[in-house]
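Q: File name data-v1.csv; file contents CSV, C-alpha atoms; full text below.
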chain,number,residue,atom,x,y,z
A,1012,MET,CA,12.0,38.8,5.9
A,1013,THR,CA,10.2,35.9,7.5
A,1014,THR,CA,8.2,33.7,5.1
A,1015,GLN,CA,4.6,33.2,6.2
A,1016,TYR,CA,3.3,29.7,6.5
A,1017,LYS,CA,-0.3,28.6,6.7
A,1018,ILE,CA,-2.4,25.5,6.6
A,1019,TYR,CA,-5.2,25.7,4.0
A,1020,PRO,CA,-8.6,23.9,4.2
A,1021,TYR,CA,-8.2,23.1,0.5
A,1022,ARG,CA,-5.6,20.5,1.5
A,1023,TRP,CA,-8.5,18.1,2.2
A,1024,VAL,CA,-9.7,18.5,-1.4
A,1025,VAL,CA,-6.3,17.7,-2.8
A,1026,LEU,CA,-6.1,14.7,-0.4
A,1027,ALA,CA,-9.6,13.5,-1.3
A,1028,VAL,CA,-9.0,13.4,-5.1
A,1029,PHE,CA,-5.6,11.8,-4.5
A,1030,MET,CA,-7.3,9.1,-2.3
A,1031,PHE,CA,-9.9,8.5,-5.1
A,1032,VAL,CA,-7.2,7.6,-7.7
A,1033,ASN,CA,-5.6,5.3,-5.1
A,1034,ILE,CA,-8.9,3.6,-4.5
A,1035,THR,CA,-9.4,2.9,-8.2
A,1036,ILE,CA,-5.9,1.6,-8.9
A,1037,GLN,CA,-6.4,-1.0,-6.1
A,1038,MET,CA,-9.7,-2.0,-7.5
A,1039,LEU,CA,-8.1,-2.6,-10.9
A,1040,TRP,CA,-5.3,-4.6,-9.3
A,1041,ILE,CA,-7.3,-7.0,-7.1
A,1042,THR,CA,-10.3,-7.5,-9.4
A,1043,TYR,CA,-9.4,-11.0,-10.6
A,1044,ALA,CA,-8.3,-12.4,-7.3
A,1045,PRO,CA,-11.8,-13.4,-6.0
A,1046,ILE,CA,-12.9,-14.8,-9.4
A,1047,THR,CA,-9.8,-16.6,-10.6
A,1048,GLY,CA,-11.6,-19.8,-11.6
A,1049,PRO,CA,-14.5,-18.1,-13.6
A,1050,ALA,CA,-12.0,-15.7,-15.2
A,1051,ALA,CA,-9.8,-18.6,-16.3
A,1052,LYS,CA,-12.8,-20.1,-18.0
A,1053,PHE,CA,-14.0,-16.8,-19.5
A,1054,TYR,CA,-10.6,-16.1,-21.2
A,1055,GLY,CA,-9.8,-19.8,-21.9
A,1056,VAL,CA,-6.5,-19.8,-19.9
A,1057,SER,CA,-5.1,-21.3,-16.7
A,1058,ASP,CA,-5.4,-20.1,-13.1
A,1059,LEU,CA,-1.7,-19.2,-13.2
A,1060,GLN,CA,-2.2,-16.9,-16.2
A,1061,ILE,CA,-5.0,-15.1,-14.3
A,1062,GLY,CA,-2.7,-14.8,-11.3
A,1063,LEU,CA,-0.1,-13.2,-13.6
A,1064,LEU,CA,-2.6,-10.3,-14.1
A,1065,SER,CA,-2.1,-9.4,-10.4
A,1066,MET,CA,1.5,-10.3,-10.2
A,1067,SER,CA,2.3,-8.0,-13.1
A,1068,PHE,CA,1.7,-5.0,-10.8
A,1069,MET,CA,4.6,-6.1,-8.5
A,1070,ILE,CA,6.8,-7.0,-11.4
A,1071,ALA,CA,6.3,-3.7,-13.2
A,1072,PHE,CA,6.9,-1.7,-10.0
A,1073,ILE,CA,10.4,-2.9,-9.4
A,1074,PRO,CA,12.1,-1.4,-12.5
A,1075,LEU,CA,9.9,1.7,-12.6
A,1076,SER,CA,10.0,2.8,-9.0
A,1077,ILE,CA,13.2,4.8,-9.0
A,1078,PRO,CA,12.7,6.5,-12.4
A,1079,VAL,CA,9.1,7.5,-11.4
A,1080,SER,CA,10.4,8.9,-8.1
A,1081,TRP,CA,12.8,11.1,-10.2
A,1082,VAL,CA,9.8,12.4,-12.2
A,1083,ILE,CA,7.8,13.1,-9.0
A,1084,ASP,CA,10.7,15.0,-7.4
A,1085,THR,CA,11.7,16.9,-10.5
A,1086,TYR,CA,8.3,17.9,-11.9
A,1087,GLY,CA,6.0,17.6,-8.9
A,1088,PHE,CA,3.3,15.2,-7.8
A,1089,ARG,CA,0.5,16.8,-9.7
A,1090,LEU,CA,2.0,16.1,-13.1
A,1091,ALA,CA,3.2,12.6,-12.0
A,1092,VAL,CA,-0.1,11.5,-10.6
A,1093,SER,CA,-2.0,13.0,-13.6
A,1094,ILE,CA,0.2,10.8,-15.9
A,1095,GLY,CA,-0.5,7.7,-13.8
A,1096,ALA,CA,-4.2,8.4,-13.4
A,1097,VAL,CA,-4.7,8.9,-17.1
A,1098,MET,CA,-2.8,5.7,-18.0
A,1099,MET,CA,-4.8,3.9,-15.4
A,1100,GLY,CA,-8.1,5.1,-16.9
A,1101,VAL,CA,-7.2,4.5,-20.6
A,1102,PHE,CA,-5.8,1.0,-20.0
A,1103,GLY,CA,-8.6,0.2,-17.7
A,1104,ILE,CA,-11.1,1.0,-20.4
A,1105,LEU,CA,-9.1,-0.9,-23.0
A,1106,ARG,CA,-9.1,-4.0,-20.7
A,1107,GLY,CA,-12.8,-3.9,-20.7
A,1108,LEU,CA,-13.0,-3.5,-24.4
A,1109,ALA,CA,-10.7,-6.5,-24.9
A,1110,GLY,CA,-13.6,-8.9,-24.5
A,1111,THR,CA,-12.4,-12.5,-24.1
A,1112,ASN,CA,-9.0,-11.8,-25.7
A,1113,TYR,CA,-6.6,-12.7,-22.9
A,1114,THR,CA,-3.5,-11.3,-24.7
A,1115,LEU,CA,-5.1,-7.9,-25.0
A,1116,VAL,CA,-6.2,-8.1,-21.4
A,1117,LEU,CA,-2.7,-8.9,-20.3
A,1118,TRP,CA,-1.1,-6.0,-22.2
A,1119,SER,CA,-3.8,-3.6,-20.9
A,1120,THR,CA,-3.1,-4.8,-17.4
A,1121,ILE,CA,0.6,-4.2,-17.8
A,1122,GLY,CA,-0.3,-0.6,-18.8
A,1123,ILE,CA,-2.3,-0.2,-15.6
A,1124,ALA,CA,0.6,-1.7,-13.6
A,1125,ALA,CA,3.0,0.8,-15.2
A,1126,ALA,CA,0.7,3.6,-13.8
A,1127,GLN,CA,0.8,2.3,-10.3
A,1128,PRO,CA,4.3,3.7,-9.2
A,1129,PHE,CA,3.1,7.3,-10.2
A,1130,LEU,CA,0.4,6.9,-7.5
A,1131,LEU,CA,2.1,4.9,-4.8
A,1132,ASN,CA,5.3,6.8,-4.8
A,1133,THR,CA,3.6,10.1,-4.0
A,1134,TRP,CA,2.0,8.9,-0.7
A,1135,THR,CA,4.3,11.2,1.4
A,1136,LYS,CA,4.8,13.9,-1.2
A,1137,VAL,CA,1.2,15.2,-1.2
A,1138,PRO,CA,1.1,15.5,2.6
A,1139,ALA,CA,4.6,17.2,2.6
A,1140,ASN,CA,3.4,19.9,0.2
A,1141,TRP,CA,0.0,20.6,1.9
A,1142,PHE,CA,0.0,19.5,5.5
A,1143,ALA,CA,1.8,20.6,8.7
A,1144,ILE,CA,4.3,18.1,10.1
A,1145,GLU,CA,1.9,17.1,12.9
A,1146,GLU,CA,-0.7,16.0,10.4
A,1147,ARG,CA,1.4,14.2,7.8
A,1148,ALA,CA,1.3,10.7,9.3
A,1149,THR,CA,-2.4,11.1,9.5
A,1150,ALA,CA,-2.6,12.1,5.9
A,1151,VAL,CA,-0.5,9.2,4.8
A,1152,GLY,CA,-2.8,7.0,6.9
A,1153,MET,CA,-5.8,8.3,5.0
A,1154,VAL,CA,-4.1,7.4,1.7
A,1155,THR,CA,-3.4,3.9,3.2
A,1156,LEU,CA,-7.0,3.7,4.1
A,1157,ALA,CA,-8.1,4.5,0.6
A,1158,SER,CA,-5.8,1.8,-0.7
A,1159,LEU,CA,-7.4,-0.8,1.6
A,1160,VAL,CA,-10.9,0.4,0.7
A,1161,GLY,CA,-10.1,0.0,-3.0
A,1162,THR,CA,-8.8,-3.6,-2.3
A,1163,ALA,CA,-11.9,-4.4,-0.3
A,1164,LEU,CA,-14.3,-3.0,-3.0
A,1165,GLY,CA,-12.6,-5.0,-5.7
A,1166,MET,CA,-12.8,-8.2,-3.7
A,1167,VAL,CA,-16.4,-7.7,-2.7
A,1168,LEU,CA,-18.0,-6.1,-5.8
A,1169,THR,CA,-16.5,-8.2,-8.5
A,1170,PRO,CA,-18.2,-11.5,-7.5
A,1171,VAL,CA,-21.5,-9.7,-7.0
A,1172,LEU,CA,-21.4,-7.9,-10.3
A,1173,MET,CA,-20.5,-11.2,-12.1
A,1174,GLU,CA,-24.0,-12.4,-11.3
A,1175,SER,CA,-25.5,-9.9,-13.7
A,1176,MET,CA,-22.8,-9.0,-16.2
A,1177,THR,CA,-19.8,-10.4,-18.0
A,1178,ILE,CA,-16.2,-10.0,-16.7
A,1179,SER,CA,-15.3,-7.7,-19.6
A,1180,THR,CA,-18.3,-5.4,-18.8
A,1181,ILE,CA,-17.2,-5.3,-15.2
A,1182,GLN,CA,-13.7,-4.2,-16.3
A,1183,LEU,CA,-15.2,-1.6,-18.6
A,1184,TYR,CA,-17.1,-0.1,-15.6
A,1185,TYR,CA,-14.0,-0.1,-13.4
A,1186,GLY,CA,-12.0,1.5,-16.2
A,1187,GLY,CA,-14.7,4.2,-16.5
A,1188,ILE,CA,-14.5,4.9,-12.8
A,1189,ALA,CA,-10.7,5.1,-13.0
A,1190,MET,CA,-11.0,7.7,-15.8
A,1191,ILE,CA,-13.5,9.8,-13.7
A,1192,SER,CA,-11.0,9.8,-10.9
A,1193,ALA,CA,-8.3,11.0,-13.3
A,1194,VAL,CA,-10.4,13.8,-14.5
A,1195,LEU,CA,-11.3,14.9,-11.0
A,1196,PHE,CA,-7.6,14.8,-9.9
A,1197,ILE,CA,-6.5,16.9,-12.9
A,1198,ALA,CA,-9.3,19.4,-12.3
A,1199,LEU,CA,-9.1,19.8,-8.6
A,1200,SER,CA,-5.5,19.1,-7.4
A,1201,ARG,CA,-2.9,21.8,-7.0
A,1202,GLU,CA,0.9,21.2,-6.5
A,1203,THR,CA,1.4,23.6,-3.6
A,1204,PRO,CA,-0.7,26.0,-1.5
A,1205,PRO,CA,-0.1,29.8,-1.8
A,1206,THR,CA,2.2,29.7,1.2
A,1207,PRO,CA,4.1,26.8,2.8
A,1208,PRO,CA,2.4,24.6,5.5
A,1209,CYS,CA,5.5,24.6,7.7
A,1210,PRO,CA,8.2,26.9,9.0
A,1211,PRO,CA,10.8,28.2,6.4
A,1212,GLY,CA,13.2,25.5,5.4
A,1213,GLY,CA,11.0,22.6,6.4
A,1214,GLU,CA,9.7,22.2,2.8
A,1215,VAL,CA,13.1,22.4,1.1
A,1216,ARG,CA,14.3,19.1,-0.3
A,1217,ALA,CA,17.5,18.1,-2.1
A,1218,LEU,CA,17.7,17.0,-5.8
A,1219,MET,CA,16.6,13.5,-6.3
A,1220,LEU,CA,20.0,11.8,-6.9
A,1221,ASP,CA,21.7,13.8,-4.1
A,1222,GLY,CA,18.8,12.9,-1.9
A,1223,LEU,CA,19.0,9.2,-2.8
A,1224,LYS,CA,22.7,9.2,-1.9
A,1225,HIS,CA,22.0,10.9,1.4
A,1226,ALA,CA,19.1,8.6,2.3
A,1227,LEU,CA,21.3,5.5,1.9
A,1228,THR,CA,23.8,6.9,4.3
A,1229,VAL,CA,21.2,7.2,7.1
A,1230,LYS,CA,21.2,4.1,9.3
A,1231,ALA,CA,17.7,4.7,10.5
A,1232,PHE,CA,16.4,4.8,6.9
A,1233,TRP,CA,17.8,1.3,6.3
A,1234,PHE,CA,16.1,0.0,9.4
A,1235,GLY,CA,12.8,1.6,8.0
A,1236,LEU,CA,13.4,-0.3,4.7
A,1237,ALA,CA,14.0,-3.6,6.6
A,1238,ILE,CA,10.8,-3.4,8.7
A,1239,SER,CA,8.8,-2.4,5.6
A,1240,PHE,CA,10.1,-5.4,3.8
A,1241,ILE,CA,9.2,-7.7,6.8
A,1242,GLY,CA,5.8,-6.1,7.5
A,1243,LEU,CA,4.5,-6.0,3.9
A,1244,GLY,CA,6.0,-9.4,3.2
A,1245,ILE,CA,4.0,-11.0,6.0
A,1246,PHE,CA,0.8,-9.1,5.1
A,1247,ASN,CA,1.1,-10.1,1.4
A,1248,GLY,CA,2.1,-13.6,2.2
A,1249,VAL,CA,-0.9,-14.2,4.5
A,1250,THR,CA,-3.4,-12.6,2.1
A,1251,THR,CA,-2.0,-14.6,-0.8
A,1252,TRP,CA,-2.1,-18.0,0.9
A,1253,VAL,CA,-5.0,-17.4,3.3
A,1254,GLU,CA,-7.1,-20.3,2.1
A,1255,ASN,CA,-4.1,-22.7,2.1
A,1256,ILE,CA,-3.1,-21.6,5.6
A,1257,ILE,CA,-6.3,-22.5,7.3
A,1258,ARG,CA,-7.5,-25.4,5.1
A,1259,PRO,CA,-5.5,-28.1,7.1
A,1260,ARG,CA,-7.4,-27.2,10.2
A,1261,GLY,CA,-10.7,-27.8,8.6
A,1262,PHE,CA,-11.7,-24.3,7.7
A,1263,THR,CA,-13.6,-23.6,4.5
A,1264,PRO,CA,-13.0,-21.1,1.6
A,1265,THR,CA,-15.8,-19.1,3.0
A,1266,ASP,CA,-14.0,-18.8,6.3
A,1267,ALA,CA,-10.9,-17.7,4.3
A,1268,GLY,CA,-12.9,-15.0,2.7
A,1269,THR,CA,-14.2,-13.8,6.0
A,1270,LEU,CA,-10.7,-13.9,7.5
A,1271,GLY,CA,-9.3,-11.8,4.6
A,1272,ALA,CA,-12.2,-9.3,5.0
A,1273,LEU,CA,-11.5,-9.0,8.7
A,1274,MET,CA,-7.8,-8.3,8.1
A,1275,ILE,CA,-8.7,-5.5,5.7
A,1276,VAL,CA,-11.3,-4.1,8.2
A,1277,GLY,CA,-8.7,-4.2,11.0
A,1278,GLY,CA,-6.2,-2.5,8.6
A,1279,VAL,CA,-8.6,0.2,7.7
A,1280,ILE,CA,-9.2,1.1,11.4
A,1281,GLY,CA,-5.6,0.8,12.3
A,1282,ALA,CA,-4.4,3.0,9.4
A,1283,VAL,CA,-6.6,5.8,10.8
A,1284,VAL,CA,-6.1,5.4,14.5
A,1285,LEU,CA,-2.4,4.7,15.1
A,1286,PRO,CA,-1.0,7.3,12.6
A,1287,ALA,CA,-3.3,9.9,14.1
A,1288,LEU,CA,-2.0,9.1,17.6
A,1289,SER,CA,1.6,9.2,16.3
A,1290,ASP,CA,1.0,12.7,15.0
A,1291,LYS,CA,-0.8,13.8,18.2
A,1292,TYR,CA,2.0,12.7,20.5
A,1293,ARG,CA,4.8,13.4,18.1
A,1294,LYS,CA,6.1,9.9,18.4
A,1295,ARG,CA,7.1,7.5,15.6
A,1296,GLN,CA,9.3,4.9,17.4
A,1297,LEU,CA,6.7,4.3,20.1
A,1298,PHE,CA,3.9,3.6,17.7
A,1299,LEU,CA,6.1,1.3,15.5
A,1300,PHE,CA,6.8,-0.7,18.7
A,1301,ILE,CA,3.1,-0.9,19.4
A,1302,SER,CA,2.3,-2.0,15.8
A,1303,PHE,CA,4.8,-4.8,15.6
A,1304,ILE,CA,4.3,-6.0,19.2
A,1305,GLY,CA,0.6,-6.1,18.6
A,1306,ALA,CA,0.9,-8.0,15.3
A,1307,ILE,CA,2.7,-10.9,17.0
A,1308,PRO,CA,-0.3,-12.4,18.9
A,1309,GLY,CA,-2.4,-11.9,15.8
A,1310,LEU,CA,0.0,-13.9,13.7
A,1311,ILE,CA,0.4,-16.6,16.3
A,1312,GLY,CA,-3.4,-16.9,16.6
A,1313,LEU,CA,-3.6,-17.2,12.8
A,1314,THR,CA,-1.0,-20.0,13.0
A,1315,PHE,CA,-2.6,-22.2,15.6
A,1316,ALA,CA,-6.3,-21.2,16.1
A,1317,THR,CA,-8.8,-24.1,15.8
A,1318,SER,CA,-11.9,-22.1,16.6
A,1319,THR,CA,-13.6,-19.7,14.2
A,1320,ILE,CA,-13.9,-17.0,16.8
A,1321,LEU,CA,-10.2,-17.1,17.7
A,1322,LEU,CA,-9.2,-17.3,14.1
A,1323,PHE,CA,-11.3,-14.3,13.1
A,1324,ALA,CA,-10.2,-12.2,16.1
A,1325,SER,CA,-6.5,-13.0,15.3
A,1326,ALA,CA,-7.0,-11.9,11.7
A,1327,PHE,CA,-8.5,-8.6,12.8
A,1328,VAL,CA,-5.7,-8.0,15.3
A,1329,LEU,CA,-3.0,-8.8,12.7
A,1330,GLY,CA,-4.6,-6.5,10.1
A,1331,PHE,CA,-5.0,-3.7,12.6
A,1332,PHE,CA,-1.5,-3.6,13.9
A,1333,LEU,CA,0.5,-4.6,10.8
A,1334,THR,CA,-1.2,-2.2,8.4
A,1335,SER,CA,-1.2,0.7,10.8
A,1336,ALA,CA,2.6,0.6,10.9
A,1337,MET,CA,3.0,1.4,7.2
A,1338,PRO,CA,2.0,5.1,7.2
A,1339,VAL,CA,4.1,5.7,10.3
A,1340,ILE,CA,7.1,4.0,8.6
A,1341,MET,CA,6.6,6.1,5.5
A,1342,GLN,CA,6.5,9.4,7.4
A,1343,TYR,CA,9.4,8.4,9.6
A,1344,THR,CA,11.7,7.6,6.7
A,1345,ALA,CA,10.7,10.9,5.0
A,1346,GLU,CA,11.6,12.7,8.2
A,1347,VAL,CA,14.9,11.0,9.0
A,1348,SER,CA,16.2,11.2,5.4
A,1349,HIS,CA,15.6,15.0,5.1
A,1350,PRO,CA,16.5,16.7,2.8
A,1351,THR,CA,15.9,13.6,0.5
A,1352,PRO,CA,12.8,14.3,-1.6
A,1353,GLU,CA,9.6,12.6,-0.3
A,1354,GLY,CA,9.1,10.9,-3.6
A,1355,THR,CA,12.5,9.3,-3.4
A,1356,SER,CA,12.1,8.0,0.2
A,1357,ASN,CA,8.5,6.9,-0.4
A,1358,GLY,CA,9.6,5.2,-3.6
A,1359,LEU,CA,12.3,3.2,-1.9
A,1360,ILE,CA,9.8,2.1,0.8
A,1361,GLN,CA,7.3,1.0,-1.8
A,1362,LEU,CA,10.0,-0.7,-3.8
A,1363,PHE,CA,11.0,-2.8,-0.8
A,1364,GLY,CA,7.4,-3.5,-0.1
A,1365,GLN,CA,6.8,-4.8,-3.6
A,1366,ALA,CA,10.0,-6.8,-3.5
A,1367,SER,CA,8.6,-8.6,-0.5
A,1368,VAL,CA,6.9,-10.9,-3.1
A,1369,VAL,CA,10.0,-13.0,-2.4
A,1370,PHE,CA,8.6,-13.7,1.0
A,1371,VAL,CA,5.3,-14.9,-0.6
A,1372,PHE,CA,7.2,-17.5,-2.6
A,1373,LEU,CA,9.3,-18.4,0.5
A,1374,MET,CA,6.2,-19.2,2.5
A,1375,GLU,CA,5.0,-21.7,-0.1
A,1376,ALA,CA,8.5,-23.3,-0.2
A,1377,LEU,CA,8.5,-23.7,3.6
A,1378,LYS,CA,5.2,-25.5,4.0
A,1379,ASN,CA,5.0,-29.1,5.4
A,1380,SER,CA,4.4,-32.1,3.2
A,1381,ASP,CA,0.8,-32.1,4.5
A,1382,GLY,CA,0.3,-28.6,3.2
A,1383,SER,CA,0.6,-26.9,6.6
A,1384,PHE,CA,2.1,-23.3,6.6
A,1385,THR,CA,3.0,-23.5,10.3
A,1386,PRO,CA,6.8,-23.4,9.7
A,1387,ALA,CA,6.5,-20.4,7.4
A,1388,LEU,CA,4.2,-18.6,9.9
A,1389,LEU,CA,6.6,-19.3,12.8
A,1390,VAL,CA,9.5,-17.9,10.7
A,1391,ALA,CA,7.3,-14.8,10.1
A,1392,SER,CA,6.7,-14.5,13.9
A,1393,GLY,CA,10.5,-14.6,14.4
A,1394,LEU,CA,10.9,-11.8,11.8
A,1395,LEU,CA,8.4,-9.7,13.7
A,1396,ILE,CA,10.5,-10.1,16.8
A,1397,LEU,CA,13.6,-9.3,14.8
A,1398,SER,CA,11.9,-6.1,13.7
A,1399,LEU,CA,11.6,-4.9,17.3
A,1400,PHE,CA,15.5,-4.8,17.4
A,1401,PHE,CA,15.5,-2.6,14.3
A,1402,ILE,CA,12.8,-0.3,15.7
A,1403,TRP,CA,14.9,0.0,18.9
A,1404,GLN,CA,17.6,1.7,16.7
A,1405,MET,CA,15.1,4.1,15.1
A,1406,LYS,CA,15.1,7.1,17.3
A,1407,ASP,CA,12.5,9.8,16.6
A,1408,PRO,CA,13.7,12.6,14.2
A,1409,GLN,CA,14.6,15.9,15.9
A,1410,GLU,CA,12.1,17.9,13.9
A,1411,LEU,CA,9.3,16.2,15.7
A,1412,SER,CA,10.4,17.5,19.1
A,1413,GLN,CA,11.2,20.9,17.6
A,1414,ASN,CA,7.6,21.2,16.4
A,1415,LYS,CA,5.9,20.3,19.7
If you convert what's in this file into structure tokens, what do you get?

A:
Amino acid sequence: MTTQYKIYPYRWVVLAVFMFVNITIQMLWITYAPITGPAAKFYGVSDLQIGLLSMSFMIAFIPLSIPVSWVIDTYGFRLAVSIGAVMMGVFGILRGLAGTNYTLVLWSTIGIAAAQPFLLNTWTKVPANWFAIEERATAVGMVTLASLVGTALGMVLTPVLMESMTISTIQLYYGGIAMISAVLFIALSRETPPTPPCPPGGEVRALMLDGLKHALTVKAFWFGLAISFIGLGIFNGVTTWVENIIRPRGFTPTDAGTLGALMIVGGVIGAVVLPALSDKYRKRQLFLFISFIGAIPGLIGLTFATSTILLFASAFVLGFFLTSAMPVIMQYTAEVSHPTPEGTSNGLIQLFGQASVVFVFLMEALKNSDGSFTPALLVASGLLILSLFFIWQMKDPQELSQNK
């Protein structure tokens, strides 16, 4: 008997509530970045201690990623995301209630950080359960878009809200929004549709440990991990040191803020456009080439631009191409590592992305005595070129051509 398969409109509801929890986790992560100085004064601590609130997300992710992937692949994304979303909401509210007590704020932030892998490691699992293969990169792109929107909202809203309320009150509001997103996800999400969204066999995945062993034997999967490490390392490095990068050329902190915003805007557009084209034409390798080749002039412009127009245009181009590669990489690695569970493949990609914090420190170590980041950015450009060799080895998975 042939199993029926069908695509249900309700998939967009599931995707929407999943996007909402990803928006809120990013707001909670980035919230202190644009107000580091005022936050340090509010809590009576150093700038570095405020920076630790953001860094704790990357630190917590590294040991938790693989165990959380096991939970996702064993018990399903709905339970896993629900756990993470509730943790995010509870600890978000506790962070607001902590007032000026930095120690309580730090522990609450660690609780929020521990929730993040439950959300990030399901980016490909939700599309795999609900979407046809030709829509999956688009769906992952939409989740990437939600993540970028959350980051942008946290950076823009927090300084504005500080004009009329205390930092702890802002955190309380953000925690309340996070709890609302958790309730909506629990109420409206479903693990699977009544019938599969793909032909029989396409939805079957191996057990987590078997799948992990299999994924690590696939050469193309390792190439995907490598370019994820490079791409996210460069993006995180540039966003972390953006003001330091352009300061030696006479640009102001306001220019740095505008540059960061344009990178995010470019990333939002890119995360929608290129993954959708990748799905439409059933091509992964081609659009990875486009993304990494397109990022090179953006990064070079960011390195040498002395005019505001060229600097801002370069930032937009870099954000557009570098960010758009991530959903395509995630979907590609999920496809080439089949039958490895999506939570496992996605978890490894996210793990390598978070581990790219090493590159952030390397960029600081490579700067000139005058504070210029030119050597580090030239190394980053060389790594983008090296990525093209890796992508050359990443042939499109067979299932794409079979579903044309």

Q: List every residue of range 1130-1214 of chain A that has an atom at most 12 Å from any atom of range 1115-1124 of chain A, giving for each one its closest atom pair and the distance in Å to one decimal, counting all atoms listed in the file, sorted by chain and then by ascending residue number, as JSON lines.

A:
{"residue": "A:Leu1130", "atom": "CA", "partner": "A:Ala1124", "partner_atom": "CA", "distance": 10.5}
{"residue": "A:Leu1131", "atom": "CA", "partner": "A:Ala1124", "partner_atom": "CA", "distance": 11.1}
{"residue": "A:Ile1178", "atom": "CA", "partner": "A:Val1116", "partner_atom": "CA", "distance": 11.2}
{"residue": "A:Ser1179", "atom": "CA", "partner": "A:Val1116", "partner_atom": "CA", "distance": 9.3}
{"residue": "A:Gln1182", "atom": "CA", "partner": "A:Val1116", "partner_atom": "CA", "distance": 9.9}
{"residue": "A:Leu1183", "atom": "CA", "partner": "A:Val1116", "partner_atom": "CA", "distance": 11.4}
{"residue": "A:Tyr1185", "atom": "CA", "partner": "A:Ile1123", "partner_atom": "CA", "distance": 11.9}
{"residue": "A:Gly1186", "atom": "CA", "partner": "A:Ile1123", "partner_atom": "CA", "distance": 9.9}
{"residue": "A:Ala1189", "atom": "CA", "partner": "A:Ile1123", "partner_atom": "CA", "distance": 10.3}
{"residue": "A:Met1190", "atom": "CA", "partner": "A:Ile1123", "partner_atom": "CA", "distance": 11.8}

Q: I want to know what sits within 12 Å of Lys1052 in chain A, based on all atoms listed in the file, with residues of the same chain fewer than 2 positions away left out; could you give that as a PyMOL selection string?

A: chain A and resi 1046-1050+1054-1058+1060-1061+1111-1113+1177-1178

Q: Find the residue from A:Leu1105, A:Leu1026, A:Leu1299, A:Met1405 that sits nearest to Val1137 in chain A; use all atoms listed in the file when measuring.

A: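 Once distances to Val1137 in chain A are computed over all atoms listed in the file, the minimum belongs to A:Leu1026.
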
Q: From the set A:Pro1350, A:Ile1245, A:Leu1059, A:Val1171, which residue has the shortest atom-to-atom contact distance to Lys1224 in chain A, counting all atoms listed in the file?

A: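 Closest to Lys1224 in chain A of all the choices is A:Pro1350.
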
Q: Smallest atom-to-atom distance to Ile1018 in chain A: which of A:Thr1149, A:Ser1239, A:Asn1255, A:Asn1140, using only C-alpha atoms?

A: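 Counting only C-alpha atoms, the residue closest to Ile1018 in chain A is A:Asn1140.
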